[in-house]
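> Once you've had a glance at the structure underneath, I'll fire off some questions.
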Amino acid sequence: MTGSPLLRVEDLHVSYNTPTGLVRAVNGVSFELGREKLGIVGESGSGKSQTGRAILGLTAGAQVRARRLEFEGIDLLNASERTMRQIRGKCISMIMQDPKYSLNPVMTVGSQIEEAFLVHSKTSKREARARTLEMLRAVKIREPERVYKAYPHEVSGGMGQRIMIAMMMIPKPAIIIADEPTSALDVTVQLQVLAVLDDMIKERGMGLIFISHDLNLIASFCDRILVMYGGRVVEECIASELAQATHPYTRGLLNCLPSLDGGQDELPVLQRDPAWLTTPGGTR
Amino acid sequence: MDDSTASGPQSIGPGQALSRNLVKVLGIVASISLTFIGLTAVTFVIGRVMPADPVLAIVGDRASNEVYQQVFLQLGLDKPIYIQYLRYLSQLAEGDLGTSIMTAQPVAEDILRFFPATLELATIATLLGIFVGVPMGVLAAVQQGRWPDHIVRVVGLVGYSAPIFWLGMVALLIFYAKLDWVAGPGRLDVIYDGIVEPATGILLIDAAMAGEWEIFDNALSHLILPASILGTFALAYISRMTRSFMLDQLSQEYILTARVKGIPEWKVIWNHAFRNVLVQLITIIGLTYASLLEGSVLTETVFSWPGIGLYITSSLFNNDMNAVLGGTIVVGVCFVGINLLSDLLYRMVDPRVR
Amino acid sequence: MSAELTLRGWLLAEIPKSKLQARCQRVFISWLSFRRNPIAMVGLLIVASLVGIAAMAPWITASDGLELHLANRLHAPGSEHWFGTDELGRDIFDRIIWGSRITLYIVGLVSIIVVPIGLLVGVVAGYLGGWVDTVLMRLTDIFLAFPRLILAMALVAALGPGLENAVLAIAVTTWSPFARIARAEALTIRNSEFILAARVQGVSTTGILIRHVTPLCMSSVIVRLTLDMAGIILTAAGLGFLGLGAQPPTPEWGAMISLGRQYLIDQWWVPTVPGIAILVVSLGFNLLGDGLRDVFDPKSGT
């Protein structure tokens, strides 16, 4: 991590009031993000998506509290909605899982990307259009003019995600949160989309929070890894040192991944220890 | 790089496109024709079900045998039933809806005279329903679970559940009799009758064109109450459906995307969610307009509004079957026509269907 | 265990031991879900009250609502006549109570006609498909193409005014949506494996339709029926208002409004009170229908 951190999260809690009681989706998460690729890995219900949403202030109906939730010194926790609206898109952005659902079906691709640009800069429509086409080219879309006029249902999944990337990157945010960006794509397409994402992040010196359930993917793509379980961070390590992880949950996950050089009789089942839900922090 | 588009503007020869569209159009035409034929069959059957003797209705019960026979043959009642039906169809095709027993005029002419009044009423009521009902529905959806939502839902439910003729009567009682805010039943005060030339048949337009502003005022005063009553009914339905559609859209993922972009909330609601609702609303509005044609029957009766509804009901009381059936067919045709139009419009507006 | 011996325990048991128990359990669980919706409960209350009032009419009314007391004409609502008296001196409260029987009669009769016909047409069309489907659906579409009230009016005009004719006319104009719903369900079920299993076992088509397909369509049809009931009541009231329904002196609510119309200005209660009755009952059915739909088909509601 070089320089001062872009994002500081300290003791983040996100809870929901449900008819059956209080649900703690995020239960005391702390980390810092610099100009690097941070992966958050965990199973469904581990709170990883909620963490991402909480940073953007988009957890409707939830109670969010933290000791510190700061972006470049700006307090995100107590910020007014107006401040948050300026931060969203321009400073912190988010890519979602499935472009079939995350793109507006009745607006053309071009107009959606332009909107992302125009909301944060007062320029002419012509300028916005030019930037949009430039952006489409930057995500390696070969016929930007045609795609500009197309509707989301007319493009493939891989292209849809690249459109999503273009849309979220056009206001030049400092941080991008990618919530399962490749989970809805075929494996071959996944690599292409990730390549585009990687290029852009390197080029602009951005910070990335990559949320996924795929440990392998995160290990190969990210610089640092956070493992979440039950709303807490149970392990934090550098990606290259993943094999030396110490927390039993992480070890369990690693053991669950079948390796090509074989030697396993039975695929082990993850043994869960309820103590992981209450012991503070990971192993640092 | 994977640049292939899943589906989209594909290049097919112009001949292929033409024949494909032609088949589609033919299919639709065939479908509509069948529905119309069905409509006419139903009215024809109803006309035959009538226990009263149609000949007697024309000649009276003191006519001589020869006159009776004459009219009997004239009406073609001696021919087998399918011939009679075909005769009926050909008459309809020519626009001949028979003659009214009451007015001794061709039913078609009578209907043409009365129709614009109903059109005027239904249009204003629908506009009311749209301009009040849609924002109500959006408000209720955005404020789901809170007071505005509850109020909108209750208002909608009551508007939906109240007998429209009773609502009209109560409105007359309160706003006309007790408060004197609006004019009473009828379309125009008697003193203004016949002054304005019926150019379009729609009084408001005719009066405005003639520059007769006093008459315009009076006509408006008469129009407000029945249009509001019908409008309440339209409003109830439209707000209910708008709310339902909006709630559905607001829970979609693309709304989250829009918020992530940093767009102000009102834009998220109107430019994103509502735009997706608009498409569905077209069908709803079509349905509403069509059902108002029906609702006007009772409203016109209460307000003595000289439209097609009143025409059908008075014909009914006078046992003027030709008029009743003629009116039924015309309204039925309009009903089908409006539904068809809204379906077409829907296809044009929704990019996914194209 | 003592838990099993109580009714509630029986209804909530994990594994039902008989078909009857399974059925009762389904109903009970639906009831629990329904009970959580306060608005639906209000609807249920209204409808239940309607039935109760109609049943107990002889005991809660002072008269049969038909006798004339011309000396008593047009009395305002007061302690002696809770809703006042009408133009012929009849107690309006009593007439409303007796009128509830007529409302139930209409609703019940229409339902009995419409549900079997709609189910029959829909299930046969959906299951058999092909030209049978096309023909039957054309037929359904034709009736759907007409605005309800106007077609009913035309029918009653032809048949002559009267309660039974009105019921028939309403039934004719109301059955179409049920056929559509039943058909939609039948189409979904048609290719299920248990239907295939039944066919392999040699069950005749009629048997399949009656014992397997139809019961599965019932819940959607019932929900739609409840939602439509308000519309049926309003149509019946409309016909009554036009003098095409029950004939005087029968205390049908719509007819009461029509007869009292001329007294609207000075004796407002005469036509107004029956309208309130219609409004309340119609509202009750709408609320009930909404609640049922939320329980049985939550995706289509809100």
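Residue numbers start at 1 in each chain; chains themselves are named A, B, ... in the order of the structure tokens; ligands are numbered from 1 in the order shown.
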What's around Phe274 (chain B) at 12 Å? Count only C-alpha atoms, leave out sequence neighbours fewer than 6 positions away in its own chain, and write the answer as number ranges by chain.
A: 104, 106-107; B: 134-135, 137-139, 141-142, 242-250, 255, 266-268, 280-281
> Restricting it to C-alpha atoms, dump the selection as a tab-separated table (two decimals), in the first residue's frame.

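The resulting file, result.tsv, is reproduced below:
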chain	number	residue	atom	x	y	z
A	104	ASN	CA	-32.17	0.22	-17.29
A	106	VAL	CA	-35.80	1.20	-21.58
A	107	MET	CA	-32.84	3.52	-21.96
B	134	VAL	CA	-50.56	8.72	-11.69
B	135	PRO	CA	-48.84	11.11	-9.27
B	137	GLY	CA	-49.75	6.15	-7.38
B	138	VAL	CA	-46.11	7.24	-7.59
B	139	LEU	CA	-46.36	9.02	-4.25
B	141	ALA	CA	-45.12	3.72	-3.98
B	142	VAL	CA	-42.29	6.03	-2.95
B	242	THR	CA	-49.40	2.82	-10.92
B	243	ARG	CA	-48.53	2.11	-7.32
B	244	SER	CA	-48.24	-1.58	-8.02
B	245	PHE	CA	-46.02	-1.06	-11.05
B	246	MET	CA	-43.83	1.50	-9.32
B	247	LEU	CA	-43.26	-0.74	-6.31
B	248	ASP	CA	-42.24	-3.47	-8.67
B	249	GLN	CA	-39.75	-1.26	-10.50
B	250	LEU	CA	-38.28	0.38	-7.40
B	255	ILE	CA	-32.53	1.47	-9.59
B	266	TRP	CA	-36.46	12.54	-8.02
B	267	LYS	CA	-34.65	11.65	-11.23
B	268	VAL	CA	-34.31	8.07	-10.08
B	280	GLN	CA	-47.44	-0.68	-18.81
B	281	LEU	CA	-49.55	2.36	-18.03
> Which one is closest to chain C: B:Arg240, B:Arg20, B:Arg187, B:Arg87? Count only C-alpha atoms.
B:Arg240
> For Gly122 (chain C), find every residue with an atom within 6 Å (counting only C-alpha atoms), except residues of its own chain fewer than 6 positions away, and show them as an MDAnalysis selection string.
chainID C and resid 179:180 182:183
> Within 8 Å of chain C, which residues belong to chain B? Use only C-alpha atoms and report them as a count of residues only.
41
> Let me make sure I understand: among A:Leu215, A:Ala138, A:Val147, A:Leu253, which one has the smallest atom-to-atom distance to chain B if we use only C-alpha atoms?
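Ranked by minimum distance to chain B, first place goes to A:Val147.
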> Kindly give the distance, in Å, that separates CA of Glu252 (chain C) and CA of Asp86 (chain C), rounded to a single decimal.
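It comes out at 13.5 Å.
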